[in-house]
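Below you'll find the structure, written out as structure tokens, and then a few comments.
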Amino acid sequence: MTESGREAPLALQARGLVKRYGSVTAINGADFDLRRGEVLAVIGDNGAGKSSLIKALAGAVVPDSGEIRMNGEAVSFRNTGDARAHGIETVYQDLAVIPGLDIASNLYLGREVRRKGFAGSVLRILDKSAMREEAARHLTELGIGIPSVTQAVETLSGGQRQGVAVSRAAAFGRGVIIMDEPTAALGVRESGQVIELIKSIRDRGIPVVLISHDMPHVFEVSDRIHIHRLGRRAAVVDPKQRTMSEVVALMTGADRPTEIEAAGGV
Ligand SMILES: Nc1ncnc2c1ncn2[C@@H]1O[C@H](COP(=O)(O)OP(=O)(O)OP(=O)(O)O)[C@@H](O)[C@H]1O
Ligand SMILES: [Mg+2]
């Protein structure tokens with residue numbers, strides 16, 4: 001079997017995840033499988049629990065029960081820092097960029113480069129020039145057209161802002177990159193740029209989880225589609241074997257998946 005075959009090792013896996021908020025069950029026994037080297041789309045109606053699921057995978061939400069494995073090993077993320085330490089980078093639906101800060105500072109949020117002091121001690125002063133150089137390098141690598149990394153994020157267009165959030169994840173993601181609706185607010189050109197970025201991340205061998213309501217994008221970029229419904233995985237389908245309208249019917253419950261699809265086995 002090749003890496004992309006059915007028995008490829010799983011980069012990230014979850015079994016039976018549950019998360020309740022009072023009487024609301026946001027994650028209701030969800031399973032999840034991400035293979036190495038693939039783009040996995042996650043689709044589902046509003047409120048199906050997609051964001052909750054990926055927050056659990058990214059350490060932003062601690063599940064009440066269930067199991068998460070990375071490269072076959074059980075992991076337990078108490079916070080996003082734990083997940084990052086395992087190489088998982090996430091672009092959240094609400095973006096989590098700080099508008100008043102410049103691009104370089106946004107890129108390095110939570111992991112600022114500090115200047116070395118005497119005897120290698122780390123000073124509390126940020127090494128801004130090193131951060132700016134690095135930031136410019138990452139953005140150029142990813143083909144994002146931004147005039148200067150010292151520009152405040154609030155002065156950027158939606159597409160450029162998205163680019164900063166996506167390139168932050170792309171620059172630091174070593175194991176898995178998760179993007180929750182990264183093109184939702186974007187125009188055609190900017191969305192296309194994010195889709196190209198996702199392809200280039202996959203080409204670098206890093207698997208990507210893409211949550212999206214945009215079926216043409218899902219079909220353009222994904223290797224497999226995870227369909228989420230009522231808090232859990234309803235099916236995994238092959239976009240080469242299913243049409244967009246078939247996939248939408250599975251998503252809304254108008255149609256049923258095959259046994260293999262329901263078992264997540266395509
Ligand atoms: N922190 C929270 N407190 C209470 N309820 C929550 C919380 N987070 C999510 N929920 C609820 O869990 C359910 C799933 O929400 P979630 O945001 O995961 O859905 P989604 O599939 O990402 O939807 P969308 O497509 O609109 O982004 C919803 O009913 C939501 O109201
Ligand atoms: Mg969501």
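Simple scheme: letters A, B, ... for chains in structure tokens order, numbers from 1 for residues in each chain, numbers from 1 for ligands in the order shown.
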
Grab me every residue within 10 Å of ligand 2, counting only C-alpha atoms and all ligand atoms, and send it over as an MDAnalysis selection string. chainID A and resid 43:55 92:94 180:181 211:213

Next, write the just-selected residues to a file, as a short mmCIF file (atom, residue, chain, number, x, y, z; two decimals), in the first residue's frame, keeping C-alpha atoms as the atom set.
```
data_model
loop_
_atom_site.label_atom_id
_atom_site.label_comp_id
_atom_site.auth_asym_id
_atom_site.auth_seq_id
_atom_site.Cartn_x
_atom_site.Cartn_y
_atom_site.Cartn_z
CA ILE A 43 -18.53 19.54 5.92
CA GLY A 44 -21.88 19.76 7.69
CA ASP A 45 -24.83 22.02 8.38
CA ASN A 46 -24.57 25.03 10.68
CA GLY A 47 -24.42 23.81 14.27
CA ALA A 48 -23.48 20.24 13.26
CA GLY A 49 -20.47 20.48 15.57
CA LYS A 50 -17.60 20.90 13.10
CA SER A 51 -15.87 23.74 14.96
CA SER A 52 -16.34 21.96 18.28
CA LEU A 53 -14.72 18.83 16.85
CA ILE A 54 -11.66 20.62 15.51
CA LYS A 55 -11.34 22.64 18.72
CA TYR A 92 -9.99 29.31 13.83
CA GLN A 93 -13.30 30.38 12.32
CA ASP A 94 -13.06 33.68 14.21
CA ASP A 180 -12.02 26.34 9.99
CA GLU A 181 -13.79 28.06 7.08
CA ILE A 211 -13.79 22.93 7.17
CA SER A 212 -15.83 24.59 4.43
CA HIS A 213 -19.35 25.19 3.19
#
```

With a distance cut-off of 9 Å and only C-alpha atoms, select the neighbouring residues of Phe77 (chain A), excluding the residue or stretch itself and same-chain residues fewer than 5 positions from it, and output the selection as a count of residues only. 10

Do you have the atom 27 (O, counted along the ligand's line) of ligand 1-CA of Glu73 (chain A) distance handy?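 Atom 27 (O, counted along the ligand's line) of ligand 1 sits 28.9 Å away from CA of Glu73 (chain A).
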
Considering only C-alpha atoms, state which residue in the set A:Arg15, A:His86, A:Arg204, A:His217 is at the smallest distance from Arg233 (chain A).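 When distances to Arg233 (chain A) are compared using only C-alpha atoms, the smallest one comes from A:Arg15.
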
Which residues come within 7 Å of region 88-91 of chain A, counting only C-alpha atoms, excluding same-chain residues fewer than 2 positions away, as a list of chain:residue names?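 Residues meeting the cut-off are A:Ala58, A:Ala83, A:Arg84, A:His86, A:Gln93, A:Leu95, A:Ala165, A:Val166, A:Ala169, A:Phe172, A:Gly173, A:Arg174, A:Gly175, A:Val176, A:Ile177, A:Ile178, A:Met179, A:Asp180.
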
What gap, in Å, lies between atom 19 (O, counted along the ligand's line) of ligand 1 and CA of His226 (chain A)?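 Here the two named atoms are 14.4 Å from each other.
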
For Asn28 (chain A), work out the shell of residues within 6 Å, counting only C-alpha atoms and skipping chain neighbours fewer than 6 positions away, then give it as a PyMOL selection string. chain A and resi 18+231-232

Written selection (N, CA and C atoms) as a PDB file, in the first residue's frame:
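Contents of result-v3.pdb, freshly written:
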```pdb
ATOM      1  N   VAL A  18     -16.816  13.229  23.012  1.00  0.00           N
ATOM      2  CA  VAL A  18     -18.062  13.821  23.522  1.00  0.00           C
ATOM      3  C   VAL A  18     -17.730  15.146  24.195  1.00  0.00           C
ATOM      4  N   GLY A 231     -23.541  16.280  15.505  1.00  0.00           N
ATOM      5  CA  GLY A 231     -22.495  16.113  16.494  1.00  0.00           C
ATOM      6  C   GLY A 231     -21.534  14.963  16.272  1.00  0.00           C
ATOM      7  N   ARG A 232     -21.717  14.236  15.164  1.00  0.00           N
ATOM      8  CA  ARG A 232     -20.802  13.117  14.934  1.00  0.00           C
ATOM      9  C   ARG A 232     -20.538  12.902  13.449  1.00  0.00           C
TER      10      ARG A 232
END
```
